[in-house]
Amino acid sequence: MQQDYAAIEKLKLSSIYLPSIDVLLKEIRNEMFKTKNLLQKEKIRVVSCTRIDEFFSDVQVTTAGNDEIFRYANQALKKQVEQLILNYIKSRNGHS
């Protein structure tokens, strides 16, 4: 969403969309902060996310004594993020 923000700013009706996106981004940042703290308590840390090419990205995760690199399909990550955002919006609007 952060990357799409600049494109949305260029829309003629951006003043309608941007306030909602700003609120959503703020709430998502807060959730990410809480999640990061929970992971930190378990001594788990996401070190980096590196785009390998247009199809795959590597995520490096560190735990107590272990470093792991997980490879994900970018399309799968995109779909997962889309679903999480849609679920979050629905839950904020009181829908199930």
# chains A, B, ... in the order shown; residues from 1 in each chain; ligands from 1
>>> select_by_dssp(residues="chain A", states="helix (DSSP H, G or I)", output="number ranges by chain")
A: 2-9, 14-41, 74-92
>>> residues_around(residues="Leu24 in chain A", least_positions_apart="6", cutoff="12 Å", atoms="only C-alpha atoms", output="compact mmCIF listing (two decimals) with N, CA and C atoms, in the first residue's frame")
# COMPACT_ATOMS: atom_id res chain seq x y z
N MET A 1 0.82 -1.19 0.00
CA MET A 1 0.00 0.00 0.00
C MET A 1 0.87 1.26 0.00
N GLN A 2 1.96 1.18 0.72
CA GLN A 2 2.84 2.35 0.78
C GLN A 2 3.38 2.67 -0.61
N TYR A 5 0.77 4.37 -2.77
CA TYR A 5 0.33 5.68 -2.27
C TYR A 5 0.63 6.80 -3.27
N TYR A 17 -9.79 9.31 -1.45
CA TYR A 17 -9.18 8.04 -1.08
C TYR A 17 -8.09 8.16 -0.01
N LEU A 18 -7.30 9.21 -0.08
CA LEU A 18 -6.12 9.32 0.79
C LEU A 18 -6.42 9.32 2.28
N ASN A 30 0.51 0.07 13.40
CA ASN A 30 0.33 -0.28 14.81
C ASN A 30 0.28 -1.79 15.01
N GLU A 31 -0.43 -2.49 14.14
CA GLU A 31 -0.51 -3.94 14.21
C GLU A 31 0.86 -4.57 13.97
N LEU A 84 -5.30 -10.14 3.68
CA LEU A 84 -5.18 -9.60 5.04
C LEU A 84 -5.79 -8.19 5.13
N ILE A 85 -5.52 -7.36 4.13
CA ILE A 85 -6.06 -6.00 4.14
C ILE A 85 -7.58 -6.03 4.02
N LEU A 86 -8.11 -6.85 3.12
CA LEU A 86 -9.56 -6.96 2.98
C LEU A 86 -10.21 -7.45 4.27
N TYR A 88 -9.01 -7.13 7.27
CA TYR A 88 -8.86 -6.07 8.27
C TYR A 88 -9.92 -4.99 8.06
N ILE A 89 -10.13 -4.59 6.81
CA ILE A 89 -11.14 -3.57 6.51
C ILE A 89 -12.53 -4.06 6.91
N LYS A 90 -12.84 -5.31 6.58
CA LYS A 90 -14.14 -5.88 6.94
C LYS A 90 -14.34 -5.89 8.44
N ARG A 92 -12.95 -3.96 10.65
CA ARG A 92 -13.08 -2.59 11.14
C ARG A 92 -14.45 -2.01 10.85
N ASN A 93 -15.11 -2.52 9.80
CA ASN A 93 -16.43 -2.03 9.43
C ASN A 93 -17.55 -2.85 10.06
>>> select_by_dssp(residues="chain A", states="strand (DSSP E or B)", output="list in words")
Arg45, Val46, Val47, Ser48, Cys49, Thr50, Arg51, Phe56, Ser57, Asp58, Val59, Gln60, Val61, Thr62, Thr63, Asn66, Asp67, Glu68, Ile69, Phe70, Arg71, Tyr72 and Ala73 of chain A
>>> atom_distance(atom1="CA of Ala64 in chain A", atom2="CA of Leu38 in chain A")
14.5 Å
>>> atom_distance(atom1="CA of Phe70 in chain A", atom2="CA of Leu25 in chain A")
25.8 Å
>>> residues_around(residues="Ala73 in chain A", least_positions_apart="4", cutoff="10 Å", atoms="only C-alpha atoms", output="list of chain:residue names")
A:Arg51, A:Ile52, A:Asp53, A:Glu54, A:Phe55, A:Phe56, A:Ser57, A:Asp58, A:Leu77, A:Lys78
>>> write_last_selection(atoms="C-alpha atoms", output="PDB file, in the first residue's frame")
ATOM      1  CA  ARG A  51      13.331  -9.231  -3.978  1.00  0.00           C
ATOM      2  CA  ILE A  52      15.236 -11.833  -6.014  1.00  0.00           C
ATOM      3  CA  ASP A  53      13.513 -11.164  -9.325  1.00  0.00           C
ATOM      4  CA  GLU A  54      10.021 -10.429 -10.592  1.00  0.00           C
ATOM      5  CA  PHE A  55       8.824 -13.830  -9.376  1.00  0.00           C
ATOM      6  CA  PHE A  56      10.464 -14.485  -5.980  1.00  0.00           C
ATOM      7  CA  SER A  57      11.567 -12.797  -2.754  1.00  0.00           C
ATOM      8  CA  ASP A  58      13.710 -14.123   0.101  1.00  0.00           C
ATOM      9  CA  LEU A  77       2.777 -12.654  -1.103  1.00  0.00           C
ATOM     10  CA  LYS A  78       0.704 -10.059  -2.952  1.00  0.00           C
TER      11      LYS A  78
END
>>> closest_residue(among="A:Val59, A:Ile44, A:Glu68, A:Ile28", to="Val81 in chain A", atoms="only C-alpha atoms")
A:Ile28
>>> residues_around(residues="Ile69 in chain A", least_positions_apart="4", cutoff="10 Å", atoms="only C-alpha atoms", output="list in words")
Val46, Val47, Ser48, Cys49, Ser57, Asp58, Val59, Gln60, Val61 and Thr62 of chain A
>>> write_last_selection(atoms="N, CA and C atoms", output="mmCIF file, in the first residue's frame")
data_model
loop_
_atom_site.group_PDB
_atom_site.id
_atom_site.type_symbol
_atom_site.label_atom_id
_atom_site.label_comp_id
_atom_site.auth_asym_id
_atom_site.auth_seq_id
_atom_site.Cartn_x
_atom_site.Cartn_y
_atom_site.Cartn_z
ATOM 1 N N VAL A 46 12.624 -10.716 11.914
ATOM 2 C CA VAL A 46 12.730 -10.693 10.462
ATOM 3 C C VAL A 46 13.859 -9.721 10.136
ATOM 4 N N VAL A 47 14.928 -10.241 9.559
ATOM 5 C CA VAL A 47 16.121 -9.446 9.296
ATOM 6 C C VAL A 47 15.964 -8.655 8.004
ATOM 7 N N SER A 48 15.519 -9.327 6.953
ATOM 8 C CA SER A 48 15.389 -8.639 5.669
ATOM 9 C C SER A 48 14.418 -9.362 4.763
ATOM 10 N N CYS A 49 13.923 -8.609 3.814
ATOM 11 C CA CYS A 49 13.104 -9.156 2.732
ATOM 12 C C CYS A 49 13.724 -8.629 1.448
ATOM 13 N N SER A 57 10.898 -13.595 -3.770
ATOM 14 C CA SER A 57 11.567 -12.797 -2.754
ATOM 15 C C SER A 57 12.050 -13.733 -1.652
ATOM 16 N N ASP A 58 13.177 -13.375 -1.034
ATOM 17 C CA ASP A 58 13.710 -14.123 0.101
ATOM 18 C C ASP A 58 13.474 -13.322 1.378
ATOM 19 N N VAL A 59 13.054 -14.032 2.426
ATOM 20 C CA VAL A 59 12.866 -13.424 3.736
ATOM 21 C C VAL A 59 13.823 -14.112 4.695
ATOM 22 N N GLN A 60 14.705 -13.326 5.312
ATOM 23 C CA GLN A 60 15.667 -13.865 6.275
ATOM 24 C C GLN A 60 15.107 -13.659 7.677
ATOM 25 N N VAL A 61 15.027 -14.763 8.424
ATOM 26 C CA VAL A 61 14.486 -14.759 9.782
ATOM 27 C C VAL A 61 15.547 -15.296 10.725
ATOM 28 N N THR A 62 15.712 -14.638 11.865
ATOM 29 C CA THR A 62 16.664 -15.054 12.883
ATOM 30 C C THR A 62 15.903 -15.461 14.140
#
>>> decode(residues="range 6-37 of chain A", atoms="N, CA, C and O atoms", output="short mmCIF file (atom, residue, chain, number, x, y, z; two decimals), in the first residue's frame")
data_model
loop_
_atom_site.label_atom_id
_atom_site.label_comp_id
_atom_site.auth_asym_id
_atom_site.auth_seq_id
_atom_site.Cartn_x
_atom_site.Cartn_y
_atom_site.Cartn_z
N ALA A 6 1.85 6.79 -3.82
CA ALA A 6 2.24 7.84 -4.77
C ALA A 6 1.35 7.83 -6.01
O ALA A 6 0.99 8.90 -6.52
N ALA A 7 0.97 6.66 -6.46
CA ALA A 7 0.09 6.57 -7.63
C ALA A 7 -1.30 7.09 -7.29
O ALA A 7 -1.93 7.77 -8.11
N ILE A 8 -1.78 6.81 -6.08
CA ILE A 8 -3.11 7.27 -5.67
C ILE A 8 -3.12 8.79 -5.51
O ILE A 8 -4.12 9.43 -5.82
N GLU A 9 -2.00 9.36 -5.07
CA GLU A 9 -1.91 10.82 -4.94
C GLU A 9 -2.14 11.53 -6.27
O GLU A 9 -2.61 12.66 -6.29
N LYS A 10 -1.86 10.86 -7.38
CA LYS A 10 -1.99 11.46 -8.70
C LYS A 10 -3.42 11.39 -9.25
O LYS A 10 -3.72 12.03 -10.26
N LEU A 11 -4.28 10.61 -8.60
CA LEU A 11 -5.65 10.50 -9.08
C LEU A 11 -6.41 11.80 -8.88
O LEU A 11 -6.15 12.55 -7.93
N LYS A 12 -7.36 12.07 -9.75
CA LYS A 12 -8.17 13.29 -9.63
C LYS A 12 -8.96 13.32 -8.33
O LYS A 12 -9.17 14.38 -7.75
N LEU A 13 -9.41 12.15 -7.89
CA LEU A 13 -10.21 12.08 -6.66
C LEU A 13 -9.38 11.59 -5.47
O LEU A 13 -9.90 10.99 -4.54
N SER A 14 -8.09 11.89 -5.50
CA SER A 14 -7.21 11.41 -4.43
C SER A 14 -7.65 11.91 -3.05
O SER A 14 -7.48 11.21 -2.06
N SER A 15 -8.23 13.09 -2.98
CA SER A 15 -8.65 13.64 -1.69
C SER A 15 -9.74 12.79 -1.04
O SER A 15 -9.93 12.85 0.17
N ILE A 16 -10.42 11.99 -1.82
CA ILE A 16 -11.44 11.09 -1.28
C ILE A 16 -10.78 9.82 -0.73
O ILE A 16 -11.15 9.33 0.34
N TYR A 17 -9.79 9.31 -1.45
CA TYR A 17 -9.18 8.04 -1.08
C TYR A 17 -8.09 8.16 -0.01
O TYR A 17 -7.95 7.30 0.85
N LEU A 18 -7.30 9.21 -0.08
CA LEU A 18 -6.12 9.32 0.79
C LEU A 18 -6.42 9.32 2.28
O LEU A 18 -5.70 8.67 3.04
N PRO A 19 -7.46 10.02 2.75
CA PRO A 19 -7.72 9.96 4.21
C PRO A 19 -8.00 8.54 4.71
O PRO A 19 -7.51 8.14 5.76
N SER A 20 -8.75 7.77 3.94
CA SER A 20 -9.04 6.39 4.34
C SER A 20 -7.78 5.55 4.31
O SER A 20 -7.55 4.72 5.19
N ILE A 21 -6.96 5.75 3.31
CA ILE A 21 -5.71 5.00 3.19
C ILE A 21 -4.76 5.38 4.32
O ILE A 21 -4.09 4.53 4.89
N ASP A 22 -4.72 6.67 4.67
CA ASP A 22 -3.87 7.12 5.78
C ASP A 22 -4.26 6.43 7.09
O ASP A 22 -3.40 5.97 7.84
N VAL A 23 -5.56 6.35 7.35
CA VAL A 23 -6.04 5.69 8.57
C VAL A 23 -5.68 4.21 8.54
O VAL A 23 -5.18 3.66 9.53
N LEU A 24 -5.90 3.58 7.40
CA LEU A 24 -5.59 2.16 7.27
C LEU A 24 -4.10 1.90 7.45
O LEU A 24 -3.70 0.98 8.17
N LEU A 25 -3.26 2.71 6.83
CA LEU A 25 -1.81 2.54 6.98
C LEU A 25 -1.38 2.72 8.43
O LEU A 25 -0.53 1.99 8.93
N LYS A 26 -1.96 3.68 9.12
CA LYS A 26 -1.62 3.91 10.53
C LYS A 26 -2.00 2.69 11.37
O LYS A 26 -1.22 2.23 12.22
N GLU A 27 -3.19 2.14 11.13
CA GLU A 27 -3.63 0.98 11.88
C GLU A 27 -2.76 -0.24 11.57
O GLU A 27 -2.42 -1.02 12.46
N ILE A 28 -2.39 -0.40 10.31
CA ILE A 28 -1.53 -1.52 9.93
C ILE A 28 -0.15 -1.38 10.57
O ILE A 28 0.41 -2.35 11.07
N ARG A 29 0.39 -0.16 10.61
CA ARG A 29 1.68 0.07 11.27
C ARG A 29 1.61 -0.30 12.75
O ARG A 29 2.53 -0.91 13.30
N ASN A 30 0.51 0.07 13.40
CA ASN A 30 0.33 -0.28 14.81
C ASN A 30 0.28 -1.79 15.01
O ASN A 30 0.89 -2.32 15.94
N GLU A 31 -0.43 -2.49 14.14
CA GLU A 31 -0.51 -3.94 14.21
C GLU A 31 0.86 -4.57 13.97
O GLU A 31 1.24 -5.54 14.62
N MET A 32 1.60 -4.02 13.01
CA MET A 32 2.95 -4.54 12.74
C MET A 32 3.86 -4.34 13.94
O MET A 32 4.66 -5.21 14.27
N PHE A 33 3.74 -3.20 14.61
CA PHE A 33 4.55 -2.92 15.80
C PHE A 33 4.24 -3.94 16.90
O PHE A 33 5.14 -4.49 17.53
N LYS A 34 2.93 -4.22 17.11
CA LYS A 34 2.54 -5.20 18.13
C LYS A 34 3.07 -6.59 17.78
O LYS A 34 3.57 -7.31 18.64
N THR A 35 2.95 -6.95 16.51
CA THR A 35 3.43 -8.26 16.07
C THR A 35 4.94 -8.37 16.23
O THR A 35 5.46 -9.40 16.69
N LYS A 36 5.64 -7.31 15.87
CA LYS A 36 7.10 -7.30 16.01
C LYS A 36 7.49 -7.49 17.48
O LYS A 36 8.43 -8.22 17.79
N ASN A 37 6.78 -6.84 18.39
CA ASN A 37 7.06 -7.00 19.81
C ASN A 37 6.79 -8.43 20.29
O ASN A 37 7.56 -8.97 21.09
#
